[in-house]
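J.: Please see the structure below; I have some questions.
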Amino acid sequence: MLEVESLRAGYGKIEIVSGVTLKVDNREIVAVVGPNGSGKSTLLKAVFGICRIFSGSVLFKGEDITRKPPHKRSRMGMAYLPQTGNVFESLTVWENLLLAGYDLGKDEMEERLESIASFLPELKELLHRKVKTLSGGERQIVALSMSLLRNPSLVMLDEPTAALAPRLVKQALKRVVELRDELGVAVVLVEQNALSALEVSDKALLMVSGAARFWGKPSELLEDRELAKTYLGL
Amino acid sequence: MVATSEVLAFFISLGTLYSIYVILSTSMELVYGELGLPDFAKAAFFAIGAFAVGALTTRLGAVLSGIAWEGEFKLRSYYYATLVSAKVAANPLLGLTLFLVPLAIAVPLAMLLGVIASYPALRLREDYLAITLIAFSEIVRVIARNYEPLVGGTFGAGVVDVFAWLRSPLRELSVMILSAAFAAGAWLLEYRLSTSPFGRLLRAIRDDEVAAAAYGKDVARARAWAMAIGSGMAAAAGVIYAFYMGSVNPDDFTVSRTFLVVLMVTVGGRGNPKGPLLGAAVYLAFDRTVLFAKRLLPAPFDVNYLSYIVLGALLVLFVMRRPGGLAPERPPLTVNREEVENIIKHSKT
Amino acid sequence: MLDVLTGALIYSNLLALLAVGLSLALLTCRVSNFAQGDIAMVGVYTAYTFSVVAGVTPYASIPVAFVAGGLVSLLAYLVVFEPLRGRADLVTLMVVSMALDMVIRYSLHVYADLMQQWLKVYTRLFMFNDFLVEVAGAHVPGVLIVSTVSTFALLLSLYMLLYKTKLGAAMRAAIENPNLAQTLGIDVKHVFSVSWFLAGALAATAGVFLPFRVMVNPDTGWSMLLSMFAAVTVGGIGSIGGSVAGAYLIGFSETVFSYQLAGLGVSTAYRPLLTFAAIICTLLMSPRGLSGLWSGKGWWPRRRC
């Protein structure tokens, strides 16, 4: 599904991600964990195409997309959910969804909405409210719906639990698992809540100062006392 | 064959104008290049200097030489300017006085107004600060244009020739030397400021005001000082300009004038003391070339228009392709290499 | 007095269309577009040329002016402002727009000279011939009716576009958060192109009405800039609806103020002083402007965005 090879990326002249390699298969949850400032968010941005790639390659569904603009990657089936700025505050929820389904026909749109609404039942009540009146958790639901509307094969989530009240964190992560199981989507999950993320994921990438310090099974990462303690505070 | 006197006149004029533009662009460099404050009222400060000369030289000259003034200012200022100039021809001290008084009034006034103009910068986003300053600049011009007793409104005001006691071409040469002296002084001042801790403070404020404040720097005070110095310089340039032109007209001090100064600084290079020198040179070269072309090429339209079109396009090109200008900003060097080597040598023992 | 109000309404209609364009430029590319007034003049000269060549009244040339203004504005966006978007700071953008103003304005001067020679008409300080309409016994200038109806129609259409269509939602979304819009597959450049075309088209249309009322020059647009900025500022920076409200407020205030000045024997050249005062006061005392009233956020935004 997604193959990232020796990726070096950053902003302007500054390199943040220094040579990261990872692979995401169909129906897989990959957790990206690590200390603050280790380049996790930048990695996602680079994969999606909104920051500068210095060298390395990104392959999506077998195609080299390293130079493709973001809206084309989006149309190929890649969804990216940033931590903030993931919804349009001055618009209503319905308008947000309308935009998310910008190139969908009317029938397709209704169909997708139905299936998303069954996955996220809270959505129905929020439809005509202006987004700026919603709480953090509600916005999360809207943002997620917007990504799912485009029927992605890969969803990249940047710290989805960051703005959530603690009791909603478990719920959010449960949803991530449902994404994989019910909707058949592959997920790349960047998380500060390392333990929770590692508990639900199939593979784990530990990033420290821009480089990959561990790539493999989450259980192995948790068992490695050194790494777990030093970098994840576990 | 062009007469030597014509060639000499051309160069003297070139030298004088270049000096005036250097003062203006240097003052803009200090405030816009180093501090990052878009001083779009520059034409107004320039005007203050010129208006002081226009309003005062004839009146003061008449009073000092015992000439009684009759009639409206706007209609008679040129006449009295000629009369007073004749007096100056016999009395250089009168000329000196008539030069120093407007200068002594205009520069402090401009400095004060500059300080006042620096305060909106605390509250306004940069582009709206610029619009406010433009508005202020236009207010000054509109008032001067309509309040006739000031500089004769649209008629303009005559200026006394303070070098009347010299013969041509020594007269024009003196104006040039005077303006060159001011230009050198202004530039040196800016250069010293730029390489001093004050300069670093200005650049720090430009690059990140919040950080500068967090380090305990008095941002408002630094801004006020920079604006005071910059505006004072512009006023001095205005004084010289008025004497060079021999008359003052409010419509000479429009926003276009400010734009030209911004052009000079942008093309020359912001944040680099050489910038204003280069920028003024580029503009002047261009301006004089157009003046020549006007005589040589008969066009179905006014060639002056072309110069503005080209200048506008030039600025856009520079911003898009070479935003650093001809002389981009260099990282600050506080200690020179030998001293650094000495320090390293001595610390090893 | 009726004449004063007529003048005020016509002037305000103009300002409204111009201010909307200014707002769009500000919202999409964060640029205070000093060339906006000149685009109005592009409309004037296009309409003038077309009406002379085709032998029709300038009112019939409005569609041509609409397209011409739109294209010039679009060109400015594609060549200058889009490449600089996100790369240049606010003041630099403003300086660039001033440079653009120079280019457009003086090109118009050149064109005016050429047009005068080729078409043998006066191209400076000219006016269009208007028709009179009888309304309730009074004779009303045609431009009052046409400009008011057009302005209303255009603003309504813009509103419908922005709030009732998908493209409009995309425009508002791209304005709020261009990165997110891109993420969702919206071609931001395409959407902004439409905004800039409209901004120019509206300005050019507004321009066509001007010579029916006053004598115009290539510089007339530039001289209206302060009023346009006042309208946007007083109305609330970042609010299109605010700009419209601000335009009518400034338009009427300026005209009435001018009338009072004349009554007091003071030169009407001091009229800009009111406009300057309005801008300075709003910015220093209640920066959110009128839109602060209805958005409920109050007068004071944070200074650093």
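Labels for the structure tokens follow display order: chains A, B, ..., residues from 1 in each chain, ligands from 1.
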Only residues of chain C matter here; which ones have an atom within 8 Å of chain B, counting only C-alpha atoms? Give them as a PyMOL selection string.
T.: chain C and resi 32+80+84+90-92+94-96+98-104+106-107+109-110+113-114+226+267+269-270+272-273+276+279-280+283-284+303-304
J.: Please return as an MDAnalysis selection string: the residues of range 44-197 of chain A that backbone DSSP assigns to strand (DSSP E).
T.: chainID A and resid 52:60 63:64 78:81 154:158 186:190
J.: Residues near Glu110 in chain A, anyone? I mean within 10 Å using only C-alpha atoms, not counting same-chain ones fewer than 6 positions away, as a count of residues only.
T.: 3
J.: Between C:Cys29, C:Asn129, C:Gly289, C:Thr275, which one has atoms that come closest to Ser258 in chain C, using only C-alpha atoms?
T.: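 The shortest atom-to-atom distance to Ser258 in chain C comes from C:Thr275.
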J.: Please produce, as a tab-separated table, a per-residue contact table for chain A versus chain C (criterion: any atom at most 8 Å away, only C-alpha atoms considered), showing the nearest atom pair and its distance in Å to one decimal, sorted by chain then residue number.
T.:
residue	atom	partner	partner_atom	distance
A:Pro70	CA	C:Thr183	CA	6.2
A:His71	CA	C:Gly185	CA	4.1
A:Lys72	CA	C:Gly185	CA	6.9
A:Ser74	CA	C:Gly185	CA	5.9
A:Arg75	CA	C:Gly185	CA	6.5
A:Ala79	CA	C:Thr183	CA	7.7
A:Tyr80	CA	C:Thr183	CA	7.0
A:Gly85	CA	C:Leu180	CA	6.9
A:Asn86	CA	C:Leu180	CA	6.3
A:Val87	CA	C:Leu180	CA	7.4
A:Phe88	CA	C:Ala173	CA	6.2
A:Ser90	CA	C:Glu176	CA	7.6
A:Leu91	CA	C:Ala173	CA	7.5
A:Glu95	CA	C:Ala169	CA	6.8
A:Leu98	CA	C:Lys166	CA	7.4
A:Leu99	CA	C:Ala170	CA	6.4
A:Ala100	CA	C:Leu184	CA	5.4
A:Gly101	CA	C:Leu184	CA	7.9
A:Tyr102	CA	C:Ile186	CA	7.2
A:Ser147	CA	C:Leu184	CA	7.8
J.: Tell me which protein, DNA and RNA residues are within 8 Å of range 176-193 of chain A, counting only C-alpha atoms, leaving out same-chain ones fewer than 4 positions away, and put them as a list in words.
T.: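 That gives Val24, Asp25, Asn26, Arg27, Glu28, Ile29, Val30, Ala31, Val32, Val33, Gly34, Pro35, Lys40, Ser41, Pro152, Ser153, Leu154, Val155, Met156, Leu157, Asp158, Glu159, Pro160, Thr161, Ala162, Ala172, Ala197 and Val200 of chain A.
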J.: Taking into account only C-alpha atoms, which residue in the set A:Ile16, A:Val58, A:Ile50, A:Val142 is nearest to Trp94 in chain A?
T.: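 Among the listed residues, A:Val142 lies closest to Trp94 in chain A.
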J.: Quick one: residues within 6 Å of range 44-53 of chain B, only C-alpha atoms, excluding same-chain residues fewer than 6 positions away - as a compact mmCIF listing (two decimals) with C-alpha atoms, in the first residue's frame?
T.:
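To be explicit, this is the file written out as part20.txt:
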# COMPACT_ATOMS: atom_id res chain seq x y z
CA PRO B 102 14.40 76.21 8.19
CA ALA B 106 12.14 71.27 10.04
CA ALA B 110 10.07 65.93 11.55
CA SER B 137 1.32 61.70 4.14
CA SER B 231 12.43 61.31 9.61
CA ALA B 234 14.34 62.95 5.26
CA ALA B 235 13.54 66.48 6.37
CA ALA B 236 17.16 67.52 5.89
CA GLY B 238 13.83 68.08 1.83
CA VAL B 239 15.56 71.29 2.86
CA ALA B 242 14.01 72.90 -1.94
J.: Would you kindly return, as a VMD selection string, each protein, DNA or RNA residue with an atom no farther than 10 Å from any atom of Leu7 in chain A, considering only C-alpha atoms and excluding same-chain residues fewer than 4 positions away?
T.: chain A and resid 17 to 22 43 46 to 47 53 to 58 66 211
J.: Pull C-alpha atoms from the residues just selected and write them as a PDB file, in the first residue's frame.
T.:
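As written to disk, again-v3.pdb reads:
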ATOM      1  CA  VAL A  17      13.173  13.747   8.767  1.00  0.00           C
ATOM      2  CA  SER A  18      16.540  12.108   8.058  1.00  0.00           C
ATOM      3  CA  GLY A  19      16.292   8.873   6.181  1.00  0.00           C
ATOM      4  CA  VAL A  20      13.171   7.046   7.318  1.00  0.00           C
ATOM      5  CA  THR A  21      11.945   3.822   5.774  1.00  0.00           C
ATOM      6  CA  LEU A  22       8.623   2.217   6.484  1.00  0.00           C
ATOM      7  CA  LEU A  43       6.865  12.507   8.154  1.00  0.00           C
ATOM      8  CA  ALA A  46       6.001  14.627   3.570  1.00  0.00           C
ATOM      9  CA  VAL A  47       4.080  11.483   2.647  1.00  0.00           C
ATOM     10  CA  ILE A  53      11.151  16.276   0.254  1.00  0.00           C
ATOM     11  CA  PHE A  54      14.923  16.462  -0.111  1.00  0.00           C
ATOM     12  CA  SER A  55      15.583  12.872  -1.106  1.00  0.00           C
ATOM     13  CA  GLY A  56      14.093   9.411  -0.935  1.00  0.00           C
ATOM     14  CA  SER A  57      10.842   8.157  -2.360  1.00  0.00           C
ATOM     15  CA  VAL A  58       7.217   7.570  -1.526  1.00  0.00           C
ATOM     16  CA  THR A  66       7.159  11.675  -4.548  1.00  0.00           C
ATOM     17  CA  ALA A 211      15.710   9.067  12.383  1.00  0.00           C
TER      18      ALA A 211
END
J.: If we count only C-alpha atoms and set the cut-off at 7 Å, which residues sit around Leu24 in chain C, ignoring sequence neighbours fewer than 4 positions away in its own chain? Please answer as an MDAnalysis selection string.
T.: chainID C and resid 20 28 195 199
J.: Restricted to C-alpha atoms, what would the selected residues look like written as a compact mmCIF listing (two decimals), in the first residue's frame?
T.:
# COMPACT_ATOMS: atom_id res chain seq x y z
CA VAL C 20 -15.72 43.84 -2.39
CA THR C 28 -7.27 35.18 -0.73
CA SER C 195 -12.22 35.21 -6.97
CA ALA C 199 -12.89 41.16 -8.08
J.: To test your reading of the structure, identify every residue in range 115-221 of chain B that backbone DSSP assigns to alpha helix (DSSP H), and report it as a PyMOL selection string.
T.: chain B and resi 115-118+120-123+126-146+148-151+170-194+197-207+209-214+219-221
J.: Please indicate the distance in Å from CA of Ile145 in chain C to CA of Asp38 in chain C, rounded to one decimal place.
T.: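 So the two atoms, CA of Ile145 in chain C and CA of Asp38 in chain C, lie 24.3 Å apart.
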J.: So how many Å separate CA of Leu170 in chain B and CA of Thr82 in chain B, to one decimal?
T.: 18.9 Å
